[in-house]
Amino acid sequence: MIKAVIFDMDGVLVDSEPETLKQRLGYFEQLGIEVTPELGAKMIGLNLSSLWPQVLPGKTEATYQQLQDEYVTYKHAHPFNYAAVMQPTVREFFDWLKKHGYRIAIASASDHEFIAMMGRQTGLADDIDVITSGTDFERSKPDPAVYLATLQKLGLDADEAVAVEDSAWGFRRLKRPVSSLLRFPFVIHALRRIKGPPIIVCPT
């Protein structure tokens, strides 16, 4: 029986990935770093902390950490409003999930502070039962450890939850630690079938 839905954040609950890419490219420009289109595409759905060796190969871990810390500072100085980019069906779907007794979790590669900011700005915070950030792990998403940890926090087995993921990385690498993987963009009436057998919603 499905008891919870685990959501990715960027690209699923909020259409934030274009804004995040703008922040990253702005920071790189400030540093004088040129990024190829191929590397820019790789950044989608991944935390920048895992990409520094590709952006600037051959640097020390201390340098990468300093760059990451300064990037977080840059993000605070160049923010965007998550409410302005929230997917239009999310509020309705969260209301439906809560009405029908489902628990809601977020498993995201984003930092805790930005997940919390998203919750506050969109008004979704009070509906979210569990948050897991990939920054707490040696290997962030798409490593399935992030989802497995979320299941542990929920106190649920793999066949008691479904995940909503938009990233091709997540689809190729998740290895199904939950009973079903739902590909976003999703349609609410299709997702409502979770009260029946586990499903996979194909990409539109």
# chains A, B, ... in the order shown; residues from 1 in each chain; ligands from 1
call {"tool": "select_by_dssp", "arguments": {"residues": "stretch 66-124 of chain A", "states": "strand (DSSP E or B)", "output": "PyMOL selection string"}}
result
chain A and resi 86+103-108
call {"tool": "write_last_selection", "arguments": {"atoms": "N, CA and C atoms", "output": "compact mmCIF listing (two decimals), in the first residue's frame"}}
result
# COMPACT_ATOMS: atom_id res chain seq x y z
N MET A 86 6.80 28.13 -9.22
CA MET A 86 6.17 26.89 -8.77
C MET A 86 5.29 26.32 -9.88
N ARG A 103 1.75 10.90 3.03
CA ARG A 103 2.84 11.73 3.52
C ARG A 103 3.65 12.25 2.34
N ILE A 104 4.28 13.40 2.53
CA ILE A 104 5.01 14.07 1.46
C ILE A 104 6.46 14.27 1.90
N ALA A 105 7.38 13.89 1.03
CA ALA A 105 8.81 14.07 1.31
C ALA A 105 9.48 14.73 0.12
N ILE A 106 10.60 15.38 0.39
CA ILE A 106 11.44 15.93 -0.67
C ILE A 106 12.81 15.28 -0.58
N ALA A 107 13.30 14.79 -1.71
CA ALA A 107 14.66 14.27 -1.83
C ALA A 107 15.32 15.05 -2.95
N SER A 108 16.19 15.99 -2.58
CA SER A 108 16.72 16.95 -3.54
C SER A 108 18.23 17.05 -3.45
call {"tool": "closest_atom_pairs", "arguments": {"of": "stretch 108-130 of chain A", "to": "stretch 94-100 of chain A", "cutoff": "10 Å", "atoms": "only C-alpha atoms", "output": "tab-separated table"}}
result
residue	atom	partner	partner_atom	distance
A:Leu124	CA	A:Phe94	CA	8.1
A:Asp127	CA	A:Phe94	CA	7.2
A:Ile128	CA	A:Phe94	CA	9.0
call {"tool": "select_by_dssp", "arguments": {"residues": "stretch 16-186 of chain A", "states": "helix (DSSP H, G or I)", "output": "PDB file with C-alpha atoms, in the first residue's frame"}}
result
ATOM      1  CA  GLU A  17      16.445  24.855 -13.193  1.00  0.00           C
ATOM      2  CA  PRO A  18      16.634  27.704 -15.785  1.00  0.00           C
ATOM      3  CA  GLU A  19      17.009  30.220 -12.941  1.00  0.00           C
ATOM      4  CA  THR A  20      19.637  28.095 -11.209  1.00  0.00           C
ATOM      5  CA  LEU A  21      21.585  27.774 -14.455  1.00  0.00           C
ATOM      6  CA  LYS A  22      21.531  31.578 -14.817  1.00  0.00           C
ATOM      7  CA  GLN A  23      22.958  31.887 -11.302  1.00  0.00           C
ATOM      8  CA  ARG A  24      25.722  29.422 -12.072  1.00  0.00           C
ATOM      9  CA  LEU A  25      26.654  31.003 -15.378  1.00  0.00           C
ATOM     10  CA  GLY A  26      26.672  34.434 -13.731  1.00  0.00           C
ATOM     11  CA  TYR A  27      29.008  33.164 -11.043  1.00  0.00           C
ATOM     12  CA  PHE A  28      31.280  31.518 -13.609  1.00  0.00           C
ATOM     13  CA  GLU A  29      31.403  34.748 -15.606  1.00  0.00           C
ATOM     14  CA  GLN A  30      32.414  36.606 -12.445  1.00  0.00           C
ATOM     15  CA  LEU A  31      35.262  34.109 -12.035  1.00  0.00           C
ATOM     16  CA  PRO A  37      27.108  23.838 -23.599  1.00  0.00           C
ATOM     17  CA  GLU A  38      27.789  20.160 -22.863  1.00  0.00           C
ATOM     18  CA  LEU A  39      28.866  20.910 -19.296  1.00  0.00           C
ATOM     19  CA  GLY A  40      25.950  23.290 -18.877  1.00  0.00           C
ATOM     20  CA  ALA A  41      23.578  20.466 -19.815  1.00  0.00           C
ATOM     21  CA  LYS A  42      25.259  18.155 -17.305  1.00  0.00           C
ATOM     22  CA  MET A  43      24.577  20.628 -14.515  1.00  0.00           C
ATOM     23  CA  LEU A  48      27.278  22.222  -8.273  1.00  0.00           C
ATOM     24  CA  SER A  49      29.466  20.880  -5.450  1.00  0.00           C
ATOM     25  CA  SER A  50      29.775  17.592  -7.356  1.00  0.00           C
ATOM     26  CA  TRP A  52      33.721  21.459  -9.667  1.00  0.00           C
ATOM     27  CA  PRO A  53      36.307  18.847 -10.779  1.00  0.00           C
ATOM     28  CA  GLN A  54      34.776  19.044 -14.273  1.00  0.00           C
ATOM     29  CA  VAL A  55      34.513  22.837 -14.265  1.00  0.00           C
ATOM     30  CA  GLU A  61      39.324  19.807  -2.380  1.00  0.00           C
ATOM     31  CA  ALA A  62      39.859  22.927  -0.282  1.00  0.00           C
ATOM     32  CA  THR A  63      39.664  25.072  -3.412  1.00  0.00           C
ATOM     33  CA  TYR A  64      36.490  23.347  -4.562  1.00  0.00           C
ATOM     34  CA  GLN A  65      34.910  23.887  -1.143  1.00  0.00           C
ATOM     35  CA  GLN A  66      35.852  27.574  -1.190  1.00  0.00           C
ATOM     36  CA  LEU A  67      34.356  27.972  -4.649  1.00  0.00           C
ATOM     37  CA  GLN A  68      31.173  26.245  -3.504  1.00  0.00           C
ATOM     38  CA  ASP A  69      30.877  28.429  -0.414  1.00  0.00           C
ATOM     39  CA  GLU A  70      31.352  31.552  -2.505  1.00  0.00           C
ATOM     40  CA  TYR A  71      28.746  30.299  -4.977  1.00  0.00           C
ATOM     41  CA  VAL A  72      26.199  29.948  -2.170  1.00  0.00           C
ATOM     42  CA  THR A  73      26.967  33.546  -1.184  1.00  0.00           C
ATOM     43  CA  TYR A  74      26.472  34.572  -4.832  1.00  0.00           C
ATOM     44  CA  LYS A  75      23.083  32.803  -4.888  1.00  0.00           C
ATOM     45  CA  HIS A  76      21.949  34.745  -1.838  1.00  0.00           C
ATOM     46  CA  ALA A  77      23.025  37.975  -3.523  1.00  0.00           C
ATOM     47  CA  TYR A  82      10.452  30.146  -5.888  1.00  0.00           C
ATOM     48  CA  ALA A  83       6.771  31.086  -5.724  1.00  0.00           C
ATOM     49  CA  ALA A  84       7.073  32.673  -9.161  1.00  0.00           C
ATOM     50  CA  VAL A  85       8.312  29.410 -10.686  1.00  0.00           C
ATOM     51  CA  VAL A  90       1.589  21.365  -7.267  1.00  0.00           C
ATOM     52  CA  ARG A  91      -0.624  23.155  -4.736  1.00  0.00           C
ATOM     53  CA  GLU A  92      -3.692  21.220  -5.874  1.00  0.00           C
ATOM     54  CA  PHE A  93      -1.841  17.918  -5.790  1.00  0.00           C
ATOM     55  CA  PHE A  94      -0.366  18.514  -2.322  1.00  0.00           C
ATOM     56  CA  ASP A  95      -3.859  19.347  -1.042  1.00  0.00           C
ATOM     57  CA  TRP A  96      -5.175  16.131  -2.558  1.00  0.00           C
ATOM     58  CA  LEU A  97      -2.368  14.041  -1.049  1.00  0.00           C
ATOM     59  CA  LYS A  98      -2.921  15.449   2.438  1.00  0.00           C
ATOM     60  CA  LYS A  99      -6.695  15.048   2.199  1.00  0.00           C
ATOM     61  CA  HIS A 112      18.976  22.513   2.947  1.00  0.00           C
ATOM     62  CA  GLU A 113      18.677  26.290   3.098  1.00  0.00           C
ATOM     63  CA  PHE A 114      17.334  26.543  -0.443  1.00  0.00           C
ATOM     64  CA  ILE A 115      14.887  23.664   0.067  1.00  0.00           C
ATOM     65  CA  ALA A 116      13.615  25.493   3.161  1.00  0.00           C
ATOM     66  CA  MET A 117      13.439  28.754   1.194  1.00  0.00           C
ATOM     67  CA  MET A 118      11.370  27.047  -1.481  1.00  0.00           C
ATOM     68  CA  GLY A 119       8.950  25.752   1.166  1.00  0.00           C
ATOM     69  CA  ARG A 120       8.518  29.165   2.752  1.00  0.00           C
ATOM     70  CA  GLN A 121       8.110  31.114  -0.476  1.00  0.00           C
ATOM     71  CA  THR A 122       5.643  28.676  -2.061  1.00  0.00           C
ATOM     72  CA  ALA A 125       6.495  23.987   3.965  1.00  0.00           C
ATOM     73  CA  ASP A 126       3.729  22.909   6.354  1.00  0.00           C
ATOM     74  CA  ASP A 127       2.731  20.040   4.050  1.00  0.00           C
ATOM     75  CA  GLY A 134      21.972  15.310  -1.212  1.00  0.00           C
ATOM     76  CA  THR A 135      24.555  17.609   0.387  1.00  0.00           C
ATOM     77  CA  ASP A 136      24.431  15.365   3.470  1.00  0.00           C
ATOM     78  CA  ALA A 145      21.244   6.648  -1.163  1.00  0.00           C
ATOM     79  CA  VAL A 146      19.316   9.929  -0.984  1.00  0.00           C
ATOM     80  CA  TYR A 147      16.033   8.145  -1.661  1.00  0.00           C
ATOM     81  CA  LEU A 148      16.884   5.263   0.647  1.00  0.00           C
ATOM     82  CA  ALA A 149      17.618   7.696   3.473  1.00  0.00           C
ATOM     83  CA  THR A 150      14.290   9.405   2.828  1.00  0.00           C
ATOM     84  CA  LEU A 151      12.476   6.083   3.135  1.00  0.00           C
ATOM     85  CA  GLN A 152      14.270   5.482   6.433  1.00  0.00           C
ATOM     86  CA  LYS A 153      13.177   8.889   7.765  1.00  0.00           C
ATOM     87  CA  LEU A 154       9.606   8.103   6.737  1.00  0.00           C
ATOM     88  CA  ALA A 158      10.343   0.548  -0.618  1.00  0.00           C
ATOM     89  CA  ASP A 159       6.933  -0.755  -1.670  1.00  0.00           C
ATOM     90  CA  GLU A 160       5.166   1.891   0.413  1.00  0.00           C
ATOM     91  CA  ALA A 168      17.213  11.813 -16.879  1.00  0.00           C
ATOM     92  CA  TRP A 169      20.025  11.141 -14.380  1.00  0.00           C
ATOM     93  CA  GLY A 170      17.464  10.131 -11.810  1.00  0.00           C
ATOM     94  CA  PHE A 171      15.698   7.848 -14.228  1.00  0.00           C
ATOM     95  CA  ARG A 172      18.841   6.043 -15.339  1.00  0.00           C
ATOM     96  CA  ARG A 173      20.485   5.760 -11.945  1.00  0.00           C
TER      97      ARG A 173
END
call {"tool": "atom_distance", "arguments": {"atom1": "atom CA of A:Val12", "atom2": "atom CA of A:Thr89"}}
result
10.3 Å
